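Structure first, then comments.
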Amino acid sequence: MQILPEFGKPFNHLADPGRMTANMYDMDGTLVHTPPEGRYLLVNTALKEFGRVANMEAVDRFWFDMNRDDIVSLCFNLPPTEFWPVWRVHDTAEFRKAHMECYADVRTLAMFKQEGVLQGIVTGAPPDVAACGAYLVENRAGEQLFGSVISAAGFNGVRRKPHPDGIYRCMEMLGVTKEESLYIGN
């Protein structure tokens, strides 16, 4: 048993350490976060190309809710097929690097690695943004942590979240089964 430095409480990673061998994480809202002003700026920069502006409630629904296509249609009054290509132009690693922040407790992921737990990321972010988020987390933790980073963004051959395709691909890359895996997300 170890003590988590951030919480000062005993830490026993797994109830059955013989079964779980991999942790997979969502990225934004779990390992990193984009503060409200960054979310608002990014969404409204994309919407500006359509002559639209969204309030913070609509931006947060878009950012955190599951079915983004419905939100694009209902909240932004745009066809998703028109919105997504414009979104991809603006949702870049450069933007996210300037606006994304790691949660302080991501350092505990190094403890999982020391225990032999494989780790991966499955995110709805584009590949370059996913790589940027992984880099920020690993830089904060002080070591490479992730054996797989999957972008389940729907335009790179992996079906968009919440479809489990990205999770299955991550498990395959880590060489584990669903019985050995845990997915952690917001």
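To be explicit about the labels: the chains of the structure tokens are called A, B, and onward in the order shown, and within each one the residues are counted from 1, while ligands get numbers from 1 in the order they are shown.
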Notebook entry, point to check: So which residues touch His90 in chain A within 8 Å, counting only C-alpha atoms, skipping near sequence neighbours fewer than 3 positions away, as number ranges by chain?
Noted result: A: 42, 45-46, 86-87, 95
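Every residue of range 15-186 of chain A found in strand (DSSP E or B) when DSSP is run on the backbone appears here: Ala22, Asn23, Met24, Tyr25, Asp28, Val32, His33, Glu101, Cys102, Leu118, Gln119, Gly120, Ile121, Val122, Thr123, Ser148, Val149, Ile150, Ser151, Ser181, Leu182, Tyr183 and Ile184 of chain A.
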Any chance you can output those residues with N, CA and C atoms as a PDB file, in the first residue's frame?
```pdb
ATOM      1  N   ALA A  22      -4.744  -2.551 -17.038  1.00  0.00           N
ATOM      2  CA  ALA A  22      -4.697  -1.335 -17.854  1.00  0.00           C
ATOM      3  C   ALA A  22      -5.742  -0.324 -17.412  1.00  0.00           C
ATOM      4  N   ASN A  23      -5.321   0.932 -17.393  1.00  0.00           N
ATOM      5  CA  ASN A  23      -6.223   2.058 -17.187  1.00  0.00           C
ATOM      6  C   ASN A  23      -6.259   2.862 -18.472  1.00  0.00           C
ATOM      7  N   MET A  24      -7.456   3.223 -18.908  1.00  0.00           N
ATOM      8  CA  MET A  24      -7.614   4.106 -20.058  1.00  0.00           C
ATOM      9  C   MET A  24      -8.373   5.327 -19.562  1.00  0.00           C
ATOM     10  N   TYR A  25      -7.993   6.489 -20.081  1.00  0.00           N
ATOM     11  CA  TYR A  25      -8.557   7.743 -19.592  1.00  0.00           C
ATOM     12  C   TYR A  25      -9.126   8.566 -20.743  1.00  0.00           C
ATOM     13  N   ASP A  28      -9.899  15.500 -21.893  1.00  0.00           N
ATOM     14  CA  ASP A  28     -10.376  16.788 -21.392  1.00  0.00           C
ATOM     15  C   ASP A  28     -11.468  16.566 -20.351  1.00  0.00           C
ATOM     16  N   VAL A  32      -6.776  16.619 -18.223  1.00  0.00           N
ATOM     17  CA  VAL A  32      -6.532  18.045 -18.473  1.00  0.00           C
ATOM     18  C   VAL A  32      -7.880  18.744 -18.538  1.00  0.00           C
ATOM     19  N   HIS A  33      -7.846  20.047 -18.509  1.00  0.00           N
ATOM     20  CA  HIS A  33      -9.082  20.793 -18.716  1.00  0.00           C
ATOM     21  C   HIS A  33      -8.772  22.054 -19.507  1.00  0.00           C
ATOM     22  N   GLU A 101      -4.838  22.976 -19.435  1.00  0.00           N
ATOM     23  CA  GLU A 101      -4.093  22.857 -18.181  1.00  0.00           C
ATOM     24  C   GLU A 101      -4.250  21.441 -17.644  1.00  0.00           C
ATOM     25  N   CYS A 102      -3.176  20.916 -17.058  1.00  0.00           N
ATOM     26  CA  CYS A 102      -3.235  19.595 -16.419  1.00  0.00           C
ATOM     27  C   CYS A 102      -3.830  19.718 -15.030  1.00  0.00           C
ATOM     28  N   LEU A 118      -0.597  -0.671 -17.386  1.00  0.00           N
ATOM     29  CA  LEU A 118      -0.522  -0.037 -18.696  1.00  0.00           C
ATOM     30  C   LEU A 118      -1.548   1.088 -18.743  1.00  0.00           C
ATOM     31  N   GLN A 119      -1.254   2.138 -19.516  1.00  0.00           N
ATOM     32  CA  GLN A 119      -2.151   3.279 -19.547  1.00  0.00           C
ATOM     33  C   GLN A 119      -2.316   3.795 -20.964  1.00  0.00           C
ATOM     34  N   GLY A 120      -3.528   4.247 -21.253  1.00  0.00           N
ATOM     35  CA  GLY A 120      -3.814   4.820 -22.561  1.00  0.00           C
ATOM     36  C   GLY A 120      -4.832   5.930 -22.446  1.00  0.00           C
ATOM     37  N   ILE A 121      -4.932   6.714 -23.515  1.00  0.00           N
ATOM     38  CA  ILE A 121      -5.916   7.788 -23.605  1.00  0.00           C
ATOM     39  C   ILE A 121      -6.859   7.476 -24.756  1.00  0.00           C
ATOM     40  N   VAL A 122      -8.153   7.658 -24.515  1.00  0.00           N
ATOM     41  CA  VAL A 122      -9.169   7.588 -25.576  1.00  0.00           C
ATOM     42  C   VAL A 122      -9.961   8.887 -25.473  1.00  0.00           C
ATOM     43  N   THR A 123      -9.823   9.721 -26.490  1.00  0.00           N
ATOM     44  CA  THR A 123     -10.418  11.046 -26.452  1.00  0.00           C
ATOM     45  C   THR A 123     -11.154  11.347 -27.752  1.00  0.00           C
ATOM     46  N   SER A 148      -0.706   4.031 -25.501  1.00  0.00           N
ATOM     47  CA  SER A 148      -1.637   4.221 -26.605  1.00  0.00           C
ATOM     48  C   SER A 148      -2.395   5.528 -26.392  1.00  0.00           C
ATOM     49  N   VAL A 149      -2.502   6.302 -27.471  1.00  0.00           N
ATOM     50  CA  VAL A 149      -3.326   7.516 -27.457  1.00  0.00           C
ATOM     51  C   VAL A 149      -4.235   7.418 -28.676  1.00  0.00           C
ATOM     52  N   ILE A 150      -5.522   7.267 -28.426  1.00  0.00           N
ATOM     53  CA  ILE A 150      -6.505   7.068 -29.495  1.00  0.00           C
ATOM     54  C   ILE A 150      -7.388   8.305 -29.622  1.00  0.00           C
ATOM     55  N   SER A 151      -7.474   8.805 -30.835  1.00  0.00           N
ATOM     56  CA  SER A 151      -8.381   9.907 -31.145  1.00  0.00           C
ATOM     57  C   SER A 151      -9.655   9.307 -31.726  1.00  0.00           C
ATOM     58  N   SER A 181      -9.311  -4.288 -17.993  1.00  0.00           N
ATOM     59  CA  SER A 181      -9.203  -2.855 -18.253  1.00  0.00           C
ATOM     60  C   SER A 181     -10.212  -2.039 -17.466  1.00  0.00           C
ATOM     61  N   LEU A 182      -9.852  -0.785 -17.279  1.00  0.00           N
ATOM     62  CA  LEU A 182     -10.710   0.174 -16.613  1.00  0.00           C
ATOM     63  C   LEU A 182     -10.670   1.455 -17.429  1.00  0.00           C
ATOM     64  N   TYR A 183     -11.855   2.032 -17.733  1.00  0.00           N
ATOM     65  CA  TYR A 183     -11.913   3.309 -18.428  1.00  0.00           C
ATOM     66  C   TYR A 183     -12.387   4.366 -17.456  1.00  0.00           C
ATOM     67  N   ILE A 184     -11.666   5.479 -17.404  1.00  0.00           N
ATOM     68  CA  ILE A 184     -11.964   6.549 -16.459  1.00  0.00           C
ATOM     69  C   ILE A 184     -12.219   7.824 -17.258  1.00  0.00           C
TER      70      ILE A 184
END
```
Next item on the list: Have a look at A:Glu143, A:Glu49, A:Asp60, A:Glu94 and name the one nearest to Pro36 in chain A; count only C-alpha atoms.
Entry: A:Asp60
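If only C-alpha atoms are the atoms counted, then among A:Met111, A:Val106, A:Leu74, A:Leu47 the closest residue to Arg140 in chain A is A:Val106.
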Note to self: Please report the interatomic distance between CA of Glu37 in chain A and CA of Val137 in chain A in Å with one decimal.
What the structure shows: 20.8 Å
Next item on the list: Would you list the contacts of range 161-168 of chain A as an MDAnalysis selection string, taking every protein, DNA or RNA residue within 7 Å and counting only C-alpha atoms, but skipping same-chain residues closer than 3 positions in sequence?
Entry: chainID A and resid 66 122 124 150 152:153 158 171:172
Could the residues in this selection be saved with N, CA, C and O atoms as a compact mmCIF listing (two decimals), in the first residue's frame?
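The resulting file, out-v7.txt, is shown below:
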```
# COMPACT_ATOMS: atom_id res chain seq x y z
N MET A 66 -22.64 14.33 -24.64
CA MET A 66 -22.24 13.22 -25.48
C MET A 66 -22.49 13.41 -26.97
O MET A 66 -21.61 13.19 -27.75
N VAL A 122 -8.15 7.66 -24.52
CA VAL A 122 -9.17 7.59 -25.58
C VAL A 122 -9.96 8.89 -25.47
O VAL A 122 -10.64 9.13 -24.49
N GLY A 124 -12.10 12.24 -27.67
CA GLY A 124 -12.79 12.70 -28.87
C GLY A 124 -12.05 13.82 -29.58
O GLY A 124 -12.49 14.31 -30.60
N ILE A 150 -5.52 7.27 -28.43
CA ILE A 150 -6.51 7.07 -29.50
C ILE A 150 -7.39 8.31 -29.62
O ILE A 150 -7.98 8.76 -28.65
N ALA A 152 -10.71 9.32 -30.93
CA ALA A 152 -12.01 8.81 -31.38
C ALA A 152 -12.85 10.00 -31.84
O ALA A 152 -13.87 10.35 -31.26
N ALA A 153 -12.35 10.64 -32.91
CA ALA A 153 -12.95 11.88 -33.39
C ALA A 153 -13.88 11.68 -34.58
O ALA A 153 -14.50 12.62 -35.03
N VAL A 158 -11.59 5.90 -36.66
CA VAL A 158 -12.09 5.45 -35.36
C VAL A 158 -13.43 6.14 -35.15
O VAL A 158 -13.53 7.36 -35.27
N MET A 171 -7.45 -0.92 -26.08
CA MET A 171 -7.18 -2.21 -25.43
C MET A 171 -6.31 -3.09 -26.32
O MET A 171 -5.37 -3.73 -25.85
N GLU A 172 -6.61 -3.09 -27.62
CA GLU A 172 -5.83 -3.89 -28.57
C GLU A 172 -4.37 -3.43 -28.59
O GLU A 172 -3.46 -4.25 -28.55
```
Item checked: Picked from range 16-88 of chain A by DSSP as helix (DSSP H, G or I), as a PyMOL selection string -> chain A and resi 36-48+56-64+68-75+80-88
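Taking only C-alpha atoms into account, Asp69 in chain A lies nearest to A:Arg160 out of the set A:Lys178, A:Arg39, A:Arg52, A:Arg160.
The residue set within 10 Å of Pro79 in chain A, counting only C-alpha atoms and dropping same-chain residues fewer than 6 places from it, reads Asp69, Asp70, Val72 and Ser73 of chain A.
Comparing the minimum interatomic distances between Ala130 in chain A and each of A:Ala93, A:Met56, A:Val117, A:Cys170, counting only C-alpha atoms, we find that A:Ala93 sits nearest.
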Checklist line | Given only C-alpha atoms as the counted atoms, nearest of A:Pro127, A:Gly154, A:Gly133, A:Gly116 to Met27 in chain A | finding: A:Gly133
Next item on the list: Identify which of the residues A:Lys113, A:Asn139, A:Pro80, A:Ala131 lies closest to Asn67 in chain A, counting only C-alpha atoms when measuring atom-to-atom distances.
Entry: A:Pro80
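Residues in contact with Gln144 in chain A at up to 9 Å, not including ones fewer than 6 positions away on its chain and judged by only C-alpha atoms, are Ala110, Ala134, Tyr135, Val137 and Glu138 of chain A.
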Check: Please, what distance in Å, to one decimal, runs between CA of Thr34 in chain A and CA of Arg96 in chain A?
Finding: 7.6 Å
